[in-house]
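A.B. asks: Sharing entry.tsv, TSV, C-alpha atoms (C1' of nucleotides):
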chain	number	residue	atom	x	y	z
T	1	MET	CA	0.00	0.00	0.00
T	2	ARG	CA	3.05	2.21	-0.24
T	3	ARG	CA	1.55	4.14	-3.11
T	4	GLY	CA	-2.03	3.49	-2.28
T	5	TYR	CA	-2.46	0.01	-3.61
T	6	CYS	CA	-1.14	-3.45	-3.18
T	7	HIS	CA	2.26	-4.27	-4.64
T	8	ARG	CA	1.42	-7.95	-4.68
T	9	HIS	CA	-2.05	-8.05	-6.13
T	10	GLY	CA	-1.61	-5.33	-8.67
T	11	GLN	CA	-3.18	-1.97	-9.31
T	12	ALA	CA	-6.77	-3.02	-9.76
T	13	TYR	CA	-7.10	-4.74	-6.44
T	14	GLY	CA	-7.76	-1.78	-4.20
T	15	PRO	CA	-6.77	-1.36	-0.56
T	16	CYS	CA	-5.39	-4.68	0.57
T	17	SER	CA	-4.51	-6.10	3.93
T	18	CYS	CA	-1.16	-7.15	2.52
T	19	SER	CA	-0.07	-3.81	3.87
T	20	LEU	CA	-0.75	-5.05	7.34
T	21	GLY	CA	2.24	-7.30	7.04
T	22	ARG	CA	3.00	-10.26	9.23
T	23	MET	CA	-0.48	-11.60	8.78
T	24	THR	CA	1.43	-14.83	9.03
T	25	ARG	CA	1.29	-14.38	12.77
T	26	LEU	CA	-2.42	-15.09	12.50
T	27	VAL	CA	-1.61	-18.45	11.01
T	28	GLU	CA	-0.83	-19.69	14.49
T	29	PRO	CA	-4.28	-19.07	16.01
T	30	LEU	CA	-5.86	-20.06	12.72
T	31	ILE	CA	-4.21	-23.48	12.83
T	32	LEU	CA	-5.09	-24.00	16.47
T	33	SER	CA	-8.67	-23.00	15.86
T	34	LEU	CA	-9.07	-25.30	12.87
T	35	LEU	CA	-7.60	-28.20	14.83
T	36	ALA	CA	-9.75	-27.42	17.87
T	37	ARG	CA	-12.86	-27.29	15.74
T	38	GLY	CA	-11.86	-30.49	13.96
T	39	GLU	CA	-12.12	-28.77	10.59
T	40	ALA	CA	-8.63	-29.74	9.49
T	41	ARG	CA	-6.09	-32.29	10.62
T	42	TYR	CA	-3.00	-31.92	8.47
T	43	GLY	CA	-0.94	-29.22	6.82
T	44	TYR	CA	-2.37	-29.22	3.35
T	45	GLU	CA	-5.94	-29.31	4.60
T	46	ILE	CA	-5.20	-26.50	7.03
T	47	LEU	CA	-3.76	-24.49	4.17
T	48	GLU	CA	-6.92	-24.90	2.12
T	49	ARG	CA	-9.32	-24.15	4.96
T	50	ALA	CA	-7.28	-21.20	6.10
T	51	ASN	CA	-7.33	-19.72	2.62
T	52	ALA	CA	-11.06	-20.31	2.44
T	53	GLU	CA	-11.65	-18.48	5.72
T	54	SER	CA	-9.25	-15.80	4.54
T	55	LEU	CA	-8.54	-13.66	7.53
T	56	THR	CA	-6.26	-11.90	5.10
T	57	ASP	CA	-6.54	-10.67	1.54
T	58	SER	CA	-3.52	-12.59	0.37
T	59	PRO	CA	-3.26	-16.35	0.12
T	60	ILE	CA	-1.43	-17.96	2.99
T	61	ASP	CA	2.05	-19.23	2.30
T	62	ALA	CA	2.34	-23.01	2.58
T	63	ALA	CA	5.84	-22.64	4.00
T	64	VAL	CA	4.46	-20.59	6.87
T	65	VAL	CA	1.85	-23.22	7.67
T	66	TYR	CA	4.34	-26.06	7.81
T	67	ARG	CA	6.88	-24.08	9.76
T	68	THR	CA	4.24	-22.89	12.21
T	69	LEU	CA	3.08	-26.46	12.72
T	70	HIS	CA	6.64	-27.45	13.63
T	71	VAL	CA	6.93	-24.54	16.03
T	72	LEU	CA	3.61	-25.41	17.64
T	73	GLU	CA	4.71	-29.01	18.02
T	74	GLN	CA	7.99	-28.01	19.66
T	75	ALA	CA	6.00	-25.77	21.99
T	76	GLY	CA	3.78	-28.69	22.93
T	77	CYS	CA	0.64	-27.15	21.47
T	78	VAL	CA	0.09	-29.94	18.96
T	79	THR	CA	1.25	-33.52	18.44
T	80	SER	CA	1.68	-35.28	15.12
T	81	THR	CA	1.76	-38.76	13.68
T	82	TRP	CA	2.51	-39.97	10.17
T	83	GLN	CA	-0.36	-41.57	8.38
T	84	PRO	CA	0.55	-43.72	5.37
T	85	GLY	CA	-1.09	-42.46	2.23
T	86	ALA	CA	-3.46	-44.93	0.64
T	87	GLY	CA	-3.28	-43.87	-2.97
T	88	ALA	CA	-1.92	-40.50	-1.89
T	89	PRO	CA	1.19	-38.98	-0.34
T	90	GLN	CA	1.75	-39.51	3.37
T	91	ARG	CA	0.08	-37.09	5.68
T	92	ARG	CA	1.35	-35.79	8.97
T	93	MET	CA	-1.78	-35.78	11.11
T	94	TYR	CA	-2.01	-33.25	13.93
T	95	GLU	CA	-3.93	-33.08	17.16
T	96	ILE	CA	-4.24	-30.14	19.49
T	97	THR	CA	-3.09	-30.60	23.10
T	98	PRO	CA	-4.51	-29.03	26.27
T	99	GLU	CA	-1.59	-26.59	26.13
T	100	GLY	CA	-2.59	-25.78	22.58
T	101	ARG	CA	-6.15	-25.09	23.64
T	102	GLN	CA	-4.92	-22.75	26.34
T	103	HIS	CA	-2.68	-21.03	23.85
T	104	LEU	CA	-5.61	-20.63	21.48
T	105	GLN	CA	-7.66	-19.21	24.33
T	106	ASP	CA	-4.95	-16.61	24.94
T	107	TRP	CA	-4.92	-15.76	21.25
T	108	VAL	CA	-8.68	-15.37	21.18
T	109	THR	CA	-8.50	-13.01	24.15
T	110	VAL	CA	-5.87	-10.93	22.42
T	111	LEU	CA	-7.61	-10.88	19.07
T	112	GLU	CA	-10.99	-10.04	20.56
T	113	ARG	CA	-9.47	-7.03	22.30
T	114	HIS	CA	-7.54	-6.09	19.20
T	115	ALA	CA	-10.59	-6.34	16.94
T	116	LYS	CA	-12.48	-3.99	19.23
T	117	ALA	CA	-9.59	-1.55	19.33
T	118	LEU	CA	-9.40	-1.58	15.55
T	119	GLN	CA	-13.12	-1.12	15.18
T	120	SER	CA	-12.99	1.79	17.57
T	121	PHE	CA	-10.09	3.29	15.65
T	122	VAL	CA	-11.83	3.17	12.29
T	123	THR	CA	-14.96	4.62	13.85
T	124	ARG	CA	-12.95	7.54	15.18
T	125	SER	CA	-11.09	8.09	11.93
T	126	PRO	CA	-12.27	10.28	9.07
T	127	GLY	CA	-13.94	8.14	6.45
T	128	GLY	CA	-14.66	5.40	8.95
T	129	GLY	CA	-18.08	4.29	10.13
T	130	GLY	CA	-18.25	7.06	12.69
T	131	GLU	CA	-19.64	9.86	10.57
X	1	MET	CA	3.23	-15.29	23.77
X	2	ARG	CA	5.56	-18.14	22.88
X	3	ARG	CA	5.10	-19.76	26.25
X	4	GLY	CA	1.67	-18.38	26.91
X	5	TYR	CA	2.52	-14.94	28.07
X	6	CYS	CA	4.28	-11.84	26.94
X	7	HIS	CA	8.06	-11.84	26.84
X	8	ARG	CA	8.14	-8.09	27.01
X	9	HIS	CA	5.68	-7.26	29.72
X	10	GLY	CA	6.52	-10.12	32.02
X	11	GLN	CA	4.66	-13.06	33.44
X	12	ALA	CA	1.87	-11.24	35.22
X	13	TYR	CA	0.59	-9.38	32.21
X	14	GLY	CA	-1.58	-12.00	30.60
X	15	PRO	CA	-2.27	-12.49	26.91
X	16	CYS	CA	-0.74	-9.56	25.12
X	17	SER	CA	-0.99	-8.24	21.61
X	18	CYS	CA	2.80	-8.05	21.53
X	19	SER	CA	2.46	-11.46	20.00
X	20	LEU	CA	0.73	-9.93	17.04
X	21	GLY	CA	4.02	-8.43	16.05
X	22	ARG	CA	4.49	-5.67	13.57
X	23	MET	CA	1.88	-3.57	15.26
X	24	THR	CA	4.23	-0.86	14.13
X	25	ARG	CA	2.50	-1.08	10.79
X	26	LEU	CA	-0.50	0.45	12.49
X	27	VAL	CA	1.61	3.45	13.35
X	28	GLU	CA	1.15	4.68	9.80
X	29	PRO	CA	-2.66	4.93	9.85
X	30	LEU	CA	-2.48	6.09	13.45
X	31	ILE	CA	-0.29	9.02	12.52
X	32	LEU	CA	-2.44	9.92	9.53
X	33	SER	CA	-5.59	9.74	11.60
X	34	LEU	CA	-4.21	11.92	14.39
X	35	LEU	CA	-3.04	14.50	11.86
X	36	ALA	CA	-6.36	14.39	10.00
X	37	ARG	CA	-8.27	14.85	13.23
X	38	GLY	CA	-5.93	17.64	14.29
X	39	GLU	CA	-5.17	15.86	17.54
X	40	ALA	CA	-1.44	15.95	17.07
X	41	ARG	CA	0.94	17.90	14.88
X	42	TYR	CA	4.46	16.73	15.59
X	43	GLY	CA	6.35	13.57	16.38
X	44	TYR	CA	6.51	13.71	20.12
X	45	GLU	CA	2.87	14.67	20.44
X	46	ILE	CA	1.88	11.89	18.07
X	47	LEU	CA	3.87	9.46	20.18
X	48	GLU	CA	2.00	10.49	23.33
X	49	ARG	CA	-1.45	10.44	21.77
X	50	ALA	CA	-0.79	7.17	20.02
X	51	ASN	CA	0.25	5.57	23.28
X	52	ALA	CA	-2.86	6.98	24.93
X	53	GLU	CA	-5.13	5.52	22.26
X	54	SER	CA	-3.15	2.29	22.47
X	55	LEU	CA	-4.26	0.20	19.58
X	56	THR	CA	-1.66	-2.16	20.95
X	57	ASP	CA	-0.73	-3.46	24.38
X	58	SER	CA	2.86	-2.36	24.09
X	59	PRO	CA	4.09	1.22	24.04
X	60	ILE	CA	4.89	2.53	20.60
X	61	ASP	CA	8.54	2.95	19.73
X	62	ALA	CA	9.55	6.56	19.18
X	63	ALA	CA	11.98	5.49	16.48
X	64	VAL	CA	9.12	3.96	14.52
X	65	VAL	CA	7.09	7.15	14.74
X	66	TYR	CA	9.90	9.36	13.45
X	67	ARG	CA	10.91	6.96	10.71
X	68	THR	CA	7.30	6.51	9.62
X	69	LEU	CA	6.86	10.27	9.47
X	70	HIS	CA	9.85	10.49	7.14
X	71	VAL	CA	8.47	7.71	4.96
X	72	LEU	CA	5.07	9.39	4.83
X	73	GLU	CA	6.70	12.66	3.86
X	74	GLN	CA	8.70	11.06	1.06
X	75	ALA	CA	5.48	9.43	-0.14
X	76	GLY	CA	3.79	12.82	-0.22
X	77	CYS	CA	1.28	11.95	2.48
X	78	VAL	CA	2.45	14.66	4.84
X	79	THR	CA	4.48	17.85	4.69
X	80	SER	CA	6.63	19.29	7.44
X	81	THR	CA	8.09	22.60	8.57
X	82	TRP	CA	10.46	23.41	11.39
X	83	GLN	CA	9.05	25.52	14.12
X	84	PRO	CA	11.58	27.25	16.37
X	85	GLY	CA	11.13	26.22	19.97
X	86	ALA	CA	10.25	29.08	22.28
X	87	GLY	CA	11.63	27.80	25.54
X	88	ALA	CA	11.65	24.29	24.16
X	89	PRO	CA	13.40	22.18	21.54
X	90	GLN	CA	12.50	22.77	17.91
X	91	ARG	CA	9.52	20.91	16.61
X	92	ARG	CA	8.99	19.55	13.15
X	93	MET	CA	5.34	20.33	12.49
X	94	TYR	CA	3.41	18.10	10.15
X	95	GLU	CA	0.34	18.52	7.99
X	96	ILE	CA	-1.55	15.86	6.14
X	97	THR	CA	-1.92	16.24	2.37
X	98	PRO	CA	-4.83	15.20	0.15
X	99	GLU	CA	-2.75	12.16	-0.82
X	100	GLY	CA	-2.36	11.41	2.85
X	101	ARG	CA	-6.10	11.60	3.39
X	102	GLN	CA	-6.64	9.20	0.52
X	103	HIS	CA	-4.02	6.88	1.97
X	104	LEU	CA	-5.73	7.03	5.34
X	105	GLN	CA	-9.03	6.27	3.64
X	106	ASP	CA	-7.47	3.16	2.10
X	107	TRP	CA	-6.14	2.14	5.48
X	108	VAL	CA	-9.53	2.61	7.10
X	109	THR	CA	-11.10	0.43	4.42
X	110	VAL	CA	-8.53	-2.29	5.03
X	111	LEU	CA	-8.74	-2.10	8.80
X	112	GLU	CA	-12.52	-2.10	8.86
X	113	ARG	CA	-12.57	-5.26	6.80
X	114	HIS	CA	-9.82	-6.76	8.90
X	115	ALA	CA	-11.55	-5.95	12.18
X	116	LYS	CA	-14.70	-7.68	10.97
X	117	ALA	CA	-12.73	-10.71	9.82
X	118	LEU	CA	-11.03	-10.92	13.21
X	119	GLN	CA	-14.29	-10.53	15.07
X	120	SER	CA	-15.80	-13.27	12.97
X	121	PHE	CA	-12.80	-15.48	13.63
X	122	VAL	CA	-12.95	-15.13	17.41
X	123	THR	CA	-16.68	-15.75	17.31
X	124	ARG	CA	-16.11	-18.98	15.43
X	125	SER	CA	-13.28	-20.11	17.68
X	126	PRO	CA	-13.67	-22.11	20.88
X	127	GLY	CA	-13.58	-19.76	23.84
X	128	GLY	CA	-14.62	-16.81	21.70
X	129	GLY	CA	-17.84	-14.89	21.93
X	130	GLY	CA	-19.68	-17.42	19.80
X	131	GLU	CA	-20.75	-19.93	22.45
A	1	DC	C1'	26.33	20.76	37.36
A	2	DG	C1'	23.79	16.77	37.31
A	3	DT	C1'	19.44	14.78	36.48
A	4	DG	C1'	15.32	14.72	33.81
A	5	DC	C1'	12.18	16.19	30.32
A	6	DT	C1'	11.03	17.58	25.59
A	7	DA	C1'	12.20	16.63	20.87
A	8	DT	C1'	14.30	14.54	16.83
A	9	DA	C1'	17.18	11.24	14.71
A	10	DT	C1'	20.31	7.24	13.52
A	11	DG	C1'	22.73	2.62	14.25
A	12	DT	C1'	22.39	-2.20	14.36
A	13	DA	C1'	21.87	-7.32	15.48
A	14	DG	C1'	18.72	-10.46	14.87
A	15	DT	C1'	14.62	-12.26	13.00
A	16	DA	C1'	10.69	-12.85	10.16
A	17	DC	C1'	8.69	-12.58	5.49
A	18	DG	C1'	7.81	-14.21	1.15
A	19	DC	C1'	9.21	-16.38	-2.65
A	20	DA	C1'	11.64	-20.11	-4.88
A	21	DT	C1'	12.84	-24.67	-4.90
A	22	DA	C1'	13.15	-29.79	-3.64
A	23	DT	C1'	11.06	-34.27	-3.16
A	24	DA	C1'	7.70	-37.82	-4.04
A	25	DG	C1'	3.74	-40.68	-5.08
A	26	DC	C1'	-0.03	-41.09	-8.01
A	27	DA	C1'	-3.41	-40.03	-11.89
A	28	DA	C1'	-4.71	-38.81	-16.29
A	29	DC	C1'	-3.86	-37.55	-20.81
A	30	DG	C1'	-2.32	-38.30	-25.62
Q	1	DC	C1'	5.83	-43.92	-22.27
Q	2	DG	C1'	6.60	-39.30	-21.08
Q	3	DT	C1'	4.88	-35.25	-19.25
Q	4	DT	C1'	1.84	-32.45	-16.92
Q	5	DG	C1'	-0.65	-31.68	-12.72
Q	6	DC	C1'	-2.27	-32.52	-8.11
Q	7	DT	C1'	-1.58	-33.78	-3.27
Q	8	DA	C1'	1.65	-33.31	0.49
Q	9	DT	C1'	5.64	-31.93	3.15
Q	10	DA	C1'	9.82	-29.49	3.69
Q	11	DT	C1'	13.98	-26.35	3.26
Q	12	DG	C1'	16.91	-22.33	1.43
Q	13	DC	C1'	17.73	-17.70	1.25
Q	14	DG	C1'	17.93	-12.45	0.22
Q	15	DT	C1'	15.72	-8.66	1.89
Q	16	DA	C1'	13.11	-5.93	4.90
Q	17	DC	C1'	11.50	-5.05	9.31
Q	18	DT	C1'	11.61	-4.96	14.41
Q	19	DA	C1'	13.01	-3.61	18.63
Q	20	DC	C1'	16.22	-1.82	21.28
Q	21	DA	C1'	20.21	1.16	22.05
Q	22	DT	C1'	22.36	5.31	21.33
Q	23	DA	C1'	23.24	10.30	19.86
Q	24	DT	C1'	22.21	15.19	20.12
Q	25	DA	C1'	20.47	19.35	22.12
Q	26	DG	C1'	17.98	23.01	24.64
Q	27	DC	C1'	15.91	24.07	28.84
Q	28	DA	C1'	14.31	23.61	33.82
Q	29	DC	C1'	14.79	22.47	38.41
Q	30	DG	C1'	17.13	21.81	42.71
Let me see whether you can do it: turn the structure in this file into structure tokens.

C.D. replies:
Amino acid sequence: MRRGYCHRHGQAYGPCSCSLGRMTRLVEPLILSLLARGEARYGYEILERANAESLTDSPIDAAVVYRTLHVLEQAGCVTSTWQPGAGAPQRRMYEITPEGRQHLQDWVTVLERHAKALQSFVTRSPGGGGE
Amino acid sequence: MRRGYCHRHGQAYGPCSCSLGRMTRLVEPLILSLLARGEARYGYEILERANAESLTDSPIDAAVVYRTLHVLEQAGCVTSTWQPGAGAPQRRMYEITPEGRQHLQDWVTVLERHAKALQSFVTRSPGGGGE
DNA sequence: CGTGCTATATGTAGTACGCATATAGCAACG
DNA sequence: CGTTGCTATATGCGTACTACATATAGCACG
């Protein structure tokens, strides 16, 4: 958004949350939430669901998903097991741990507060919903 | 939030938006909004107001404010003039330009959409407002 | 005079981002 | 049979950004 519009999605796209940067941070709570809700169980599926939910304007980087899964596993938030692929590549299946649920809870607290702060900011700002 | 709580604000702080990272990106719309609303006119004042509004849990870095002001000026979003300090250090006074207002408008559009997406996400997630 | 506040600005080590690339099994197509 | 494409996971790497530290300077206060 340096010159108004997105450098990644081209001129015609309009204001784009790419400019928010580090949306990849949201991949962490997104993964935990999908696992907690049972809507996805392995990396590739998470990637697809996450892109469908699209908290961000830009597609989520697969590399970020896989790396985040490793980080979450090292932190004890998820566990994984290999599942042999029957007529498909192997999948690394993930499950969320109690620690992971707590971590997600913390994220939700933070994001809820943040969403309200953002909403309040745009309401206050010229051109926002406030006037 | 790597181990549950904020590494910057200590153990007792609780879930903290520090973990969101790159909140500094929000400094740009924050500056533009404060200038547009006439609530601040120079770096130090912006810093104080921005910390008072606190879109984030962590105090805003002065370095980020000054650097962002320079970037915004180079992008034509603001203009600045030195004002001699009467009994105080000199101040570099800023004004927002029409381009800056447009840029702010784009930011507001993005942030409004993003705030709604976040709100929807926390509502969907376990522990969020949805159940 | 030394500490602290206002005020602006720069330096820098480390890290995260985002894109490119690697690997691999299987299917379908011509 | 070869090649393209999809599912699936994983790593490499140059650049940009973050976050903190530091520099400068005028003035006030005790």

A.B. asks: Given the choices T:Val64, T:Leu55, T:Leu35, T:Leu47, which gets closest to chain X if the distance is worked out from all atoms listed in the file?

C.D. replies: T:Leu55

A.B. asks: Taking only residues of chain Q that have an atom at most 12 Å from an atom of chain T, what is each one's shortest atom pair and its distance in Å to one decimal, using only C-alpha atoms (C1' of nucleotides), in chain and number order, as a Markdown table?

C.D. replies:
| residue | atom | partner | partner_atom | distance |
| --- | --- | --- | --- | --- |
| Q:DC6 | C1' | T:Ala88 | CA | 10.1 |
| Q:DT7 | C1' | T:Pro89 | CA | 6.6 |
| Q:DA8 | C1' | T:Pro89 | CA | 5.7 |
| Q:DT9 | C1' | T:Tyr66 | CA | 7.6 |
| Q:DA10 | C1' | T:Tyr66 | CA | 7.7 |
| Q:DT11 | C1' | T:Ala63 | CA | 9.0 |
| Q:DG12 | C1' | T:Ala63 | CA | 11.4 |
| Q:DA16 | C1' | T:Gly21 | CA | 11.2 |
| Q:DC17 | C1' | T:Gly21 | CA | 9.8 |
| Q:DT18 | C1' | T:Arg22 | CA | 11.4 |

A.B. asks: Distance atom CA of Cys77 of chain X-atom CA of Leu111 of chain T, one decimal place?

C.D. replies: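 Here the two named atoms are 29.6 Å from each other.
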
A.B. asks: Separation of atom C1' of DT8 of chain A and atom CA of Leu72 of chain X, in Å?

C.D. replies: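 About the pair atom C1' of DT8 of chain A and atom CA of Leu72 of chain X: they are 16.0 Å apart.
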
A.B. asks: What are the residues of chain A that have an atom within 12 Å of an atom of chain X, counting all atoms listed in the file, as a PyMOL selection string?

C.D. replies: chain A and resi 5-11+15-17

A.B. asks: What is the atom CA of Val27 of chain X to atom CA of Leu26 of chain T distance in Å?

C.D. replies: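 Between these atoms lies a distance of 19.0 Å.
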
A.B. asks: Considering only C-alpha atoms, can you say which of T:Arg41, T:Arg113, T:Arg49, T:His70 comes closest to chain X?

C.D. replies: T:Arg113

A.B. asks: Kindly compute an axis-aligned box around the listed atoms of segment 4-19 of chain A, allowing 6 Å on each side, and express its centre and edge lengths in Å to one decimal as AutoDock Vina command-line options.

C.D. replies:
--center_x 15.3 --center_y 0.6 --center_z 15.6 --size_x 26.9 --size_y 46.0 --size_z 48.5
